[in-house]
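Participant: Hey, dropping target-v9.csv in here, CSV, C-alpha atoms (C1' of nucleotides):
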chain,number,residue,atom,x,y,z
A,1,MET,CA,0.0,0.0,0.0
A,2,PRO,CA,2.3,2.8,-1.2
A,3,ALA,CA,1.6,6.4,-0.7
A,4,PRO,CA,-0.3,7.9,-3.6
A,5,SER,CA,2.1,8.8,-6.3
A,6,SER,CA,0.6,12.2,-6.7
A,7,SER,CA,1.8,13.2,-3.3
A,8,PRO,CA,4.7,15.7,-3.6
A,9,SER,CA,8.0,14.7,-2.2
A,10,GLU,CA,9.5,16.4,0.8
A,11,SER,CA,11.8,18.5,-1.3
A,12,VAL,CA,9.0,19.6,-3.6
A,13,VAL,CA,7.0,20.8,-0.7
A,14,ARG,CA,10.0,22.7,0.7
A,15,ALA,CA,10.7,24.3,-2.7
A,16,TRP,CA,7.1,25.5,-2.9
A,17,ALA,CA,7.1,26.9,0.7
A,18,ARG,CA,10.3,28.7,0.0
A,19,LEU,CA,9.0,30.0,-3.3
A,20,GLU,CA,6.3,31.7,-1.4
A,21,ARG,CA,8.5,33.1,1.2
A,22,ALA,CA,11.3,34.2,-1.1
A,23,HIS,CA,8.9,35.8,-3.4
A,24,ARG,CA,7.1,37.6,-0.7
A,25,ALA,CA,10.4,38.9,0.8
A,26,ALA,CA,11.8,40.0,-2.5
A,27,GLN,CA,8.5,41.5,-3.8
A,28,THR,CA,8.0,43.5,-0.6
A,29,SER,CA,11.4,45.0,-0.5
A,30,VAL,CA,11.4,45.9,-4.2
A,31,GLU,CA,8.0,47.5,-4.0
A,32,ALA,CA,9.2,49.4,-0.9
A,33,ARG,CA,12.2,50.8,-2.7
A,34,LEU,CA,10.2,51.9,-5.6
A,35,LYS,CA,7.7,53.6,-3.4
A,36,GLU,CA,10.2,55.4,-1.3
A,37,ALA,CA,11.7,56.8,-4.5
A,38,GLY,CA,8.3,58.1,-5.4
A,39,LEU,CA,8.0,55.7,-8.4
A,40,PRO,CA,5.1,53.6,-9.7
A,41,ALA,CA,4.7,50.0,-8.7
A,42,LEU,CA,6.6,47.0,-10.1
A,43,ALA,CA,3.8,45.9,-12.3
A,44,TRP,CA,4.0,49.2,-14.1
A,45,TYR,CA,7.6,48.6,-14.9
A,46,ASP,CA,7.0,45.1,-16.2
A,47,ALA,CA,4.2,46.2,-18.5
A,48,LEU,CA,6.1,49.2,-19.8
A,49,LEU,CA,9.1,47.0,-20.5
A,50,GLU,CA,7.1,44.5,-22.5
A,51,LEU,CA,5.5,47.3,-24.5
A,52,GLU,CA,8.9,48.9,-25.1
A,53,ARG,CA,10.3,45.6,-26.3
A,54,ALA,CA,7.3,45.3,-28.7
A,55,GLY,CA,8.3,48.5,-30.3
A,56,SER,CA,6.0,50.5,-32.6
A,57,THR,CA,4.0,47.4,-33.4
A,58,GLY,CA,2.7,47.4,-29.9
A,59,LEU,CA,0.9,44.6,-28.1
A,60,ARG,CA,-2.6,43.4,-27.7
A,61,PRO,CA,-3.8,43.3,-24.2
A,62,PHE,CA,-4.2,39.5,-24.3
A,63,GLU,CA,-0.6,39.2,-25.5
A,64,LEU,CA,0.6,41.3,-22.6
A,65,GLN,CA,-1.5,39.2,-20.3
A,66,ARG,CA,0.1,36.0,-21.4
A,67,GLU,CA,3.6,37.6,-21.1
A,68,MET,CA,3.0,38.8,-17.6
A,69,LEU,CA,0.8,35.9,-16.5
A,70,PHE,CA,-1.6,38.5,-15.2
A,71,ALA,CA,-5.3,37.9,-14.8
A,72,GLN,CA,-7.4,39.5,-17.5
A,73,TYR,CA,-9.3,41.8,-15.3
A,74,ASN,CA,-6.2,42.9,-13.5
A,75,LEU,CA,-4.5,43.7,-16.7
A,76,SER,CA,-7.5,45.6,-18.0
A,77,ARG,CA,-7.3,47.8,-15.0
A,78,LEU,CA,-3.6,48.1,-15.0
A,79,ILE,CA,-3.8,49.4,-18.5
A,80,ASP,CA,-6.5,51.8,-17.4
A,81,ARG,CA,-4.0,53.3,-14.9
A,82,LEU,CA,-1.1,53.3,-17.3
A,83,ALA,CA,-3.2,55.0,-19.9
A,84,ALA,CA,-4.6,57.5,-17.4
A,85,ALA,CA,-1.0,58.4,-16.5
A,86,GLY,CA,-0.2,58.9,-20.1
A,87,TYR,CA,2.4,56.1,-20.3
A,88,VAL,CA,0.4,53.9,-22.7
A,89,ALA,CA,-1.7,54.6,-25.7
A,90,ARG,CA,-4.7,52.5,-26.7
A,91,ALA,CA,-5.8,52.3,-30.3
A,92,ALA,CA,-8.5,50.2,-31.9
A,93,SER,CA,-7.1,47.1,-33.6
A,94,ALA,CA,-7.3,47.1,-37.4
A,95,GLU,CA,-7.6,43.4,-37.7
A,96,ASP,CA,-9.8,42.6,-34.8
A,97,GLY,CA,-12.8,44.8,-34.0
A,98,ARG,CA,-13.0,43.5,-30.5
A,99,GLY,CA,-9.5,44.4,-29.6
A,100,GLN,CA,-7.1,47.2,-29.2
A,101,VAL,CA,-3.4,47.7,-29.6
A,102,LEU,CA,-1.2,49.1,-26.9
A,103,THR,CA,1.9,51.1,-27.4
A,104,ILE,CA,4.2,52.8,-25.0
A,105,THR,CA,4.4,56.6,-25.2
A,106,ARG,CA,7.4,58.8,-25.0
A,107,GLU,CA,6.5,59.6,-21.4
A,108,GLY,CA,6.1,55.8,-20.7
A,109,LYS,CA,9.6,55.2,-22.0
A,110,ALA,CA,11.0,58.0,-19.9
A,111,MET,CA,9.3,56.6,-16.8
A,112,ARG,CA,10.6,53.1,-17.4
A,113,LYS,CA,14.1,54.5,-17.8
A,114,ARG,CA,13.7,56.5,-14.7
A,115,MET,CA,12.6,53.5,-12.7
A,116,TRP,CA,15.4,51.3,-13.8
A,117,PRO,CA,18.2,52.4,-11.6
A,118,VAL,CA,16.0,52.1,-8.5
A,119,TYR,CA,14.6,48.8,-9.6
A,120,ALA,CA,18.0,47.4,-10.5
A,121,ALA,CA,19.4,48.3,-7.1
A,122,ALA,CA,16.4,46.7,-5.5
A,123,ILE,CA,16.9,43.5,-7.5
A,124,GLU,CA,20.5,43.4,-6.7
A,125,ASP,CA,19.7,43.8,-3.0
A,126,ALA,CA,16.9,41.2,-3.0
A,127,VAL,CA,18.5,38.6,-5.2
A,128,GLY,CA,21.9,39.3,-6.6
A,129,ARG,CA,23.5,39.9,-3.2
A,130,HIS,CA,22.6,36.5,-2.1
A,131,LEU,CA,23.7,34.4,-5.1
A,132,SER,CA,26.7,34.0,-7.3
A,133,SER,CA,26.1,34.6,-11.0
A,134,ALA,CA,26.1,30.9,-11.7
A,135,GLU,CA,23.7,30.2,-8.9
A,136,ALA,CA,21.4,32.9,-10.3
A,137,ALA,CA,21.5,31.2,-13.6
A,138,THR,CA,20.6,27.9,-12.1
A,139,LEU,CA,17.8,29.4,-10.2
A,140,ALA,CA,16.5,31.1,-13.3
A,141,ASP,CA,16.6,27.8,-15.1
A,142,LEU,CA,14.7,25.9,-12.5
A,143,LEU,CA,12.1,28.6,-12.1
A,144,GLY,CA,11.6,28.8,-15.8
A,145,ARG,CA,10.7,25.2,-15.8
A,146,LEU,CA,7.8,25.8,-13.4
A,147,TYR,CA,5.8,27.8,-15.9
A,148,SER,CA,6.9,26.5,-19.3
A,149,ARG,CA,4.8,23.7,-20.5
A,150,PRO,CA,6.2,20.4,-19.3
A,151,ALA,CA,7.6,17.9,-21.8
A,152,SER,CA,4.6,15.7,-21.3
B,1,MET,CA,34.3,53.5,-17.0
B,2,PRO,CA,32.8,50.2,-15.6
B,3,ALA,CA,29.2,49.8,-15.0
B,4,PRO,CA,28.2,50.6,-11.4
B,5,SER,CA,29.0,47.5,-9.4
B,6,SER,CA,25.5,47.6,-7.8
B,7,SER,CA,24.0,46.8,-11.1
B,8,PRO,CA,22.7,43.3,-11.1
B,9,SER,CA,24.0,40.8,-13.6
B,10,GLU,CA,22.0,39.5,-16.4
B,11,SER,CA,21.4,36.2,-14.7
B,12,VAL,CA,20.2,37.9,-11.6
B,13,VAL,CA,17.7,39.9,-13.5
B,14,ARG,CA,16.5,36.8,-15.2
B,15,ALA,CA,16.2,35.0,-11.9
B,16,TRP,CA,14.2,37.8,-10.5
B,17,ALA,CA,11.8,38.0,-13.5
B,18,ARG,CA,11.3,34.3,-13.4
B,19,LEU,CA,10.7,34.3,-9.6
B,20,GLU,CA,7.8,36.7,-10.3
B,21,ARG,CA,6.4,34.7,-13.1
B,22,ALA,CA,6.9,31.3,-11.6
B,23,HIS,CA,5.4,32.4,-8.3
B,24,ARG,CA,2.4,34.0,-10.0
B,25,ALA,CA,1.7,30.9,-12.1
B,26,ALA,CA,2.0,28.5,-9.1
B,27,GLN,CA,0.1,30.6,-6.7
B,28,THR,CA,-2.7,31.2,-9.1
B,29,SER,CA,-3.1,27.5,-9.9
B,30,VAL,CA,-2.9,26.4,-6.2
B,31,GLU,CA,-5.5,29.0,-5.1
B,32,ALA,CA,-7.8,27.9,-7.9
B,33,ARG,CA,-7.6,24.3,-6.8
B,34,LEU,CA,-8.4,25.1,-3.2
B,35,LYS,CA,-11.3,27.3,-4.3
B,36,GLU,CA,-12.8,24.8,-6.6
B,37,ALA,CA,-12.7,22.3,-3.8
B,38,GLY,CA,-14.6,24.8,-1.6
B,39,LEU,CA,-11.7,25.2,0.8
B,40,PRO,CA,-10.1,28.3,2.3
B,41,ALA,CA,-7.2,30.2,0.8
B,42,LEU,CA,-3.6,29.2,0.9
B,43,ALA,CA,-2.7,31.7,3.6
B,44,TRP,CA,-5.1,30.0,5.9
B,45,TYR,CA,-3.3,26.7,5.5
B,46,ASP,CA,0.0,28.3,6.1
B,47,ALA,CA,-1.1,29.9,9.3
B,48,LEU,CA,-2.9,26.8,10.6
B,49,LEU,CA,0.2,24.7,9.9
B,50,GLU,CA,2.5,27.0,11.8
B,51,LEU,CA,0.1,27.1,14.7
B,52,GLU,CA,-0.3,23.4,14.7
B,53,ARG,CA,3.5,23.0,14.7
B,54,ALA,CA,3.7,25.3,17.7
B,55,GLY,CA,1.5,23.0,19.6
B,56,SER,CA,-0.3,23.9,22.8
B,57,THR,CA,2.2,26.6,23.5
B,58,GLY,CA,0.8,28.6,20.7
B,59,LEU,CA,2.3,31.5,18.9
B,60,ARG,CA,2.3,35.2,19.4
B,61,PRO,CA,1.0,37.1,16.3
B,62,PHE,CA,4.3,38.7,15.8
B,63,GLU,CA,6.0,35.3,15.7
B,64,LEU,CA,3.6,34.1,13.1
B,65,GLN,CA,4.2,37.2,11.2
B,66,ARG,CA,7.9,36.6,11.1
B,67,GLU,CA,7.4,33.0,10.1
B,68,MET,CA,5.1,33.8,7.3
B,69,LEU,CA,6.7,37.1,6.2
B,70,PHE,CA,3.3,38.7,6.4
B,71,ALA,CA,2.7,42.3,6.9
B,72,GLN,CA,1.5,43.2,10.4
B,73,TYR,CA,-1.9,44.6,9.4
B,74,ASN,CA,-2.5,41.7,7.0
B,75,LEU,CA,-1.8,39.1,9.6
B,76,SER,CA,-4.0,40.9,12.1
B,77,ARG,CA,-6.9,40.6,9.8
B,78,LEU,CA,-6.1,37.1,8.7
B,79,ILE,CA,-6.2,36.2,12.4
B,80,ASP,CA,-9.6,37.9,12.7
B,81,ARG,CA,-10.9,35.7,9.9
B,82,LEU,CA,-9.4,32.5,11.3
B,83,ALA,CA,-10.8,33.3,14.7
B,84,ALA,CA,-14.2,34.2,13.3
B,85,ALA,CA,-14.2,30.8,11.5
B,86,GLY,CA,-13.4,29.1,14.8
B,87,TYR,CA,-10.0,27.8,13.6
B,88,VAL,CA,-7.9,29.8,16.0
B,89,ALA,CA,-8.3,30.9,19.6
B,90,ARG,CA,-6.9,34.1,20.9
B,91,ALA,CA,-5.9,34.5,24.5
B,92,ALA,CA,-4.3,37.4,26.4
B,93,SER,CA,-0.6,36.8,26.9
B,94,ALA,CA,0.4,36.2,30.5
B,95,GLU,CA,3.9,37.7,30.1
B,96,ASP,CA,3.1,40.6,27.9
B,97,GLY,CA,0.0,42.8,28.5
B,98,ARG,CA,0.1,44.1,25.0
B,99,GLY,CA,0.0,40.8,23.3
B,100,GLN,CA,-2.0,37.7,22.8
B,101,VAL,CA,-1.3,34.0,22.2
B,102,LEU,CA,-2.8,32.1,19.4
B,103,THR,CA,-3.6,28.5,19.4
B,104,ILE,CA,-5.2,26.3,16.8
B,105,THR,CA,-8.5,24.7,17.7
B,106,ARG,CA,-9.7,21.2,17.0
B,107,GLU,CA,-11.7,22.6,14.1
B,108,GLY,CA,-8.6,24.3,12.9
B,109,LYS,CA,-6.6,21.1,12.9
B,110,ALA,CA,-9.4,19.3,11.1
B,111,MET,CA,-9.6,21.9,8.4
B,112,ARG,CA,-5.9,21.9,7.9
B,113,LYS,CA,-6.0,18.2,7.5
B,114,ARG,CA,-8.9,18.4,5.2
B,115,MET,CA,-7.1,20.9,3.0
B,116,TRP,CA,-3.9,19.0,2.7
B,117,PRO,CA,-4.8,16.4,0.0
B,118,VAL,CA,-6.0,19.1,-2.3
B,119,TYR,CA,-3.1,21.4,-1.5
B,120,ALA,CA,-0.6,18.6,-1.9
B,121,ALA,CA,-2.0,17.7,-5.3
B,122,ALA,CA,-1.9,21.3,-6.3
B,123,ILE,CA,1.8,21.6,-5.2
B,124,GLU,CA,2.7,18.5,-7.1
B,125,ASP,CA,1.0,19.9,-10.2
B,126,ALA,CA,2.5,23.3,-9.9
B,127,VAL,CA,6.0,22.3,-8.8
B,128,GLY,CA,6.7,18.6,-8.5
B,129,ARG,CA,5.6,17.7,-11.9
B,130,HIS,CA,8.2,20.0,-13.4
B,131,LEU,CA,11.2,19.0,-11.4
B,132,SER,CA,13.1,15.9,-10.2
B,133,SER,CA,13.5,15.5,-6.5
B,134,ALA,CA,17.1,16.6,-6.6
B,135,GLU,CA,16.2,19.7,-8.7
B,136,ALA,CA,13.5,20.6,-6.2
B,137,ALA,CA,16.1,20.4,-3.4
B,138,THR,CA,18.4,22.6,-5.3
B,139,LEU,CA,15.6,25.1,-5.9
B,140,ALA,CA,14.7,25.1,-2.3
B,141,ASP,CA,18.2,25.7,-1.3
B,142,LEU,CA,18.7,28.6,-3.6
B,143,LEU,CA,15.3,30.2,-2.7
B,144,GLY,CA,16.2,29.8,1.0
B,145,ARG,CA,19.2,31.9,0.5
B,146,LEU,CA,17.1,34.8,-0.7
B,147,TYR,CA,15.4,35.4,2.6
B,148,SER,CA,17.9,34.1,5.1
B,149,ARG,CA,20.2,36.8,6.3
B,150,PRO,CA,23.3,36.9,4.2
B,151,ALA,CA,26.6,35.9,5.7
B,152,SER,CA,27.7,39.5,5.8
C,1,DT,C1',9.8,57.2,39.9
C,2,DC,C1',9.2,59.6,35.6
C,3,DC,C1',9.8,60.2,31.0
C,4,DA,C1',11.2,59.1,26.2
C,5,DT,C1',11.1,55.7,23.2
C,6,DA,C1',10.1,51.0,21.4
C,7,DT,C1',7.0,47.2,20.5
C,8,DA,C1',2.3,44.6,20.1
C,9,DG,C1',-1.6,44.8,17.8
C,10,DA,C1',-5.9,47.1,15.9
C,11,DT,C1',-8.3,50.1,12.7
C,12,DG,C1',-10.2,53.9,9.3
C,13,DC,C1',-9.6,54.9,4.8
C,14,DT,C1',-8.2,54.1,0.1
C,15,DA,C1',-6.4,51.2,-3.6
C,16,DT,C1',-6.1,46.9,-5.7
C,17,DT,C1',-7.7,42.1,-6.5
C,18,DG,C1',-10.9,38.5,-7.5
C,19,DC,C1',-15.3,37.0,-9.1
C,20,DA,C1',-19.0,36.9,-12.0
C,21,DT,C1',-20.9,38.6,-15.7
C,22,DC,C1',-21.7,41.6,-19.7
C,23,DT,C1',-21.0,43.5,-24.4
C,24,DA,C1',-19.2,43.1,-28.8
C,25,DT,C1',-16.9,41.0,-32.4
C,26,DA,C1',-15.0,36.6,-34.6
C,27,DT,C1',-15.3,32.0,-36.3
C,28,DG,C1',-16.8,27.6,-37.9
C,29,DG,C1',-20.7,24.6,-39.3
C,30,DG,C1',-24.9,23.8,-41.2
D,1,DC,C1',-26.5,33.5,-44.7
D,2,DC,C1',-27.6,32.2,-39.9
D,3,DC,C1',-26.7,30.4,-35.7
D,4,DA,C1',-24.0,28.5,-31.8
D,5,DT,C1',-20.0,29.1,-29.6
D,6,DA,C1',-15.5,31.2,-28.7
D,7,DT,C1',-12.6,35.1,-27.7
D,8,DA,C1',-11.3,40.2,-26.5
D,9,DG,C1',-12.0,43.3,-23.2
D,10,DA,C1',-14.8,46.0,-19.6
D,11,DT,C1',-17.2,46.5,-15.2
D,12,DG,C1',-20.3,46.2,-10.7
D,13,DC,C1',-19.6,44.5,-6.5
D,14,DA,C1',-17.4,42.2,-2.6
D,15,DA,C1',-13.1,40.9,-0.4
D,16,DT,C1',-8.5,41.8,0.6
D,17,DA,C1',-4.1,44.5,0.8
D,18,DG,C1',-1.6,48.8,1.8
D,19,DC,C1',-0.9,53.0,4.4
D,20,DA,C1',-1.0,55.8,8.2
D,21,DT,C1',-2.1,56.2,12.6
D,22,DC,C1',-3.8,55.0,17.1
D,23,DT,C1',-4.0,52.7,21.7
D,24,DA,C1',-1.8,50.2,25.2
D,25,DT,C1',1.8,48.2,27.5
D,26,DA,C1',7.0,47.6,27.9
D,27,DT,C1',11.6,49.0,28.7
D,28,DG,C1',15.7,51.6,29.5
D,29,DG,C1',17.7,55.4,31.2
D,30,DA,C1',18.1,60.0,34.0
Please go through the file and, once you have read it, give me the structure as structure tokens.
Facilitator:
Amino acid sequence: MPAPSSSPSESVVRAWARLERAHRAAQTSVEARLKEAGLPALAWYDALLELERAGSTGLRPFELQREMLFAQYNLSRLIDRLAAAGYVARAASAEDGRGQVLTITREGKAMRKRMWPVYAAAIEDAVGRHLSSAEAATLADLLGRLYSRPAS
Amino acid sequence: MPAPSSSPSESVVRAWARLERAHRAAQTSVEARLKEAGLPALAWYDALLELERAGSTGLRPFELQREMLFAQYNLSRLIDRLAAAGYVARAASAEDGRGQVLTITREGKAMRKRMWPVYAAAIEDAVGRHLSSAEAATLADLLGRLYSRPAS
DNA sequence: TCCATATAGATGCTATTGCATCTATATGGG
DNA sequence: CCCATATAGATGCAATAGCATCTATATGGA
């Protein structure tokens, strides 16, 4: 009568618990740094970065949503705020009447750029400081496997 | 003119980005599993587990707060909900007039136990499925370093 | 002892999240 | 062409998180 095979191993449970804790610790300290510098929240940076990478082609909200793994309604409102702040422009999609295309504005690029030094220092403090470069690469690799589709 | 040494390396930035994504993906799917089973949220489980581990001695809220890395006001309200549900008992602290002592109730233990199979399956699905046991151990180790005080 | 300061925990108010649902357009089959 | 169903995105409402602040007790000097 073996334990059910679906039961996670000890090390898996530990990895999960630490994923929660480590994320909470890092997230909290990064957000705090941005806030104390009078800058927008982390999610704004992430969205602006994706949009800047997408260039003048822009991105559809649902694409951004997949990229960021954000819930649809959360993204919808994040975009509202970004647009209200003038960092993102919404335009009706030419190919899809239901949709829109998002592009980053000049002000949006400027803000992302302005956030970077603070964000970078916060990342270094929350992550870099604790790991060698090789360890960070290993960590990135393992974490990547958690949300890429499995080989199945 | 070297780049400022405080700037995180490429691999550190990647590790951070994936920590966000991986956590969001895993958290979302675990919460969804619990909800669809009609069970309380993840944070309830974590709190109940810590309290159960603490045994009849119980825990002070600030201890639980450190354990879970929860913000003070969030924990205060989480405890409200747990107490309202009858899963946690609050008693005035004998040694510290400002404080209280939390203990898990019989119902709290029962609920934690009831949540575990669902939670375990969700963890296996979100984490275990993607990693070998050794990889999970490595991941746990690296994540642990992010929130333990550095050697400094 | 008395005061200044620190710590434990609660709480009013605002902002964000989550849920359920809604509208509108798209798409594939008959 | 028409309908059933799927997808893009928005939104009302309830729950939770975040911020600032408050009360109460503790603690370490002068």
Participant: Kindly provide, as a ChimeraX atom specification, the residues of chain B having any atom no farther than 10 Å from an atom of chain D, counting all atoms listed in the file.
Facilitator: /B:71,73-74,77-78,96-99
Participant: Please write the residues from the selection above to a file, keeping C-alpha atoms, as a short mmCIF file (atom, residue, chain, number, x, y, z; two decimals), keeping the file's coordinate frame.
Facilitator:
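Below is the file that was written, again-v5.cif:
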data_model
loop_
_atom_site.label_atom_id
_atom_site.label_comp_id
_atom_site.auth_asym_id
_atom_site.auth_seq_id
_atom_site.Cartn_x
_atom_site.Cartn_y
_atom_site.Cartn_z
CA ALA B 71 2.70 42.30 6.90
CA TYR B 73 -1.90 44.60 9.40
CA ASN B 74 -2.50 41.70 7.00
CA ARG B 77 -6.90 40.60 9.80
CA LEU B 78 -6.10 37.10 8.70
CA ASP B 96 3.10 40.60 27.90
CA GLY B 97 0.00 42.80 28.50
CA ARG B 98 0.10 44.10 25.00
CA GLY B 99 0.00 40.80 23.30
#
Participant: Need the shell around stretch 104-119 of chain B: protein/DNA/RNA residues with any atom at most 6 Å away, counting all atoms listed in the file. Skip same-chain ones fewer than 3 positions apart. Format as a ChimeraX atom specification?
Facilitator: /B:45,51,87-88,122
Participant: Any idea what the distance is between atom CA of A:Leu102 and atom C1' of C:DC22?
Facilitator: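 Atom CA of A:Leu102 sits 23.0 Å away from atom C1' of C:DC22.
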Participant: Quick check: residues of chain C within 12 Å of chain B, all atoms listed in the file, returned as a ChimeraX atom specification.
Facilitator: /C:7-11,18-19
Participant: For the residues selected in the previous step, produce a file with C-alpha atoms (C1' of nucleotides) as a CSV table (one decimal), keeping the file's coordinate frame.
Facilitator:
chain,number,residue,atom,x,y,z
C,7,DT,C1',7.0,47.2,20.5
C,8,DA,C1',2.3,44.6,20.1
C,9,DG,C1',-1.6,44.8,17.8
C,10,DA,C1',-5.9,47.1,15.9
C,11,DT,C1',-8.3,50.1,12.7
C,18,DG,C1',-10.9,38.5,-7.5
C,19,DC,C1',-15.3,37.0,-9.1
Participant: One decimal, in Å: what's the spacing between atom CA of B:Leu69 and atom CA of A:Ala26?
Facilitator: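 About the pair atom CA of B:Leu69 and atom CA of A:Ala26: they are 10.5 Å apart.
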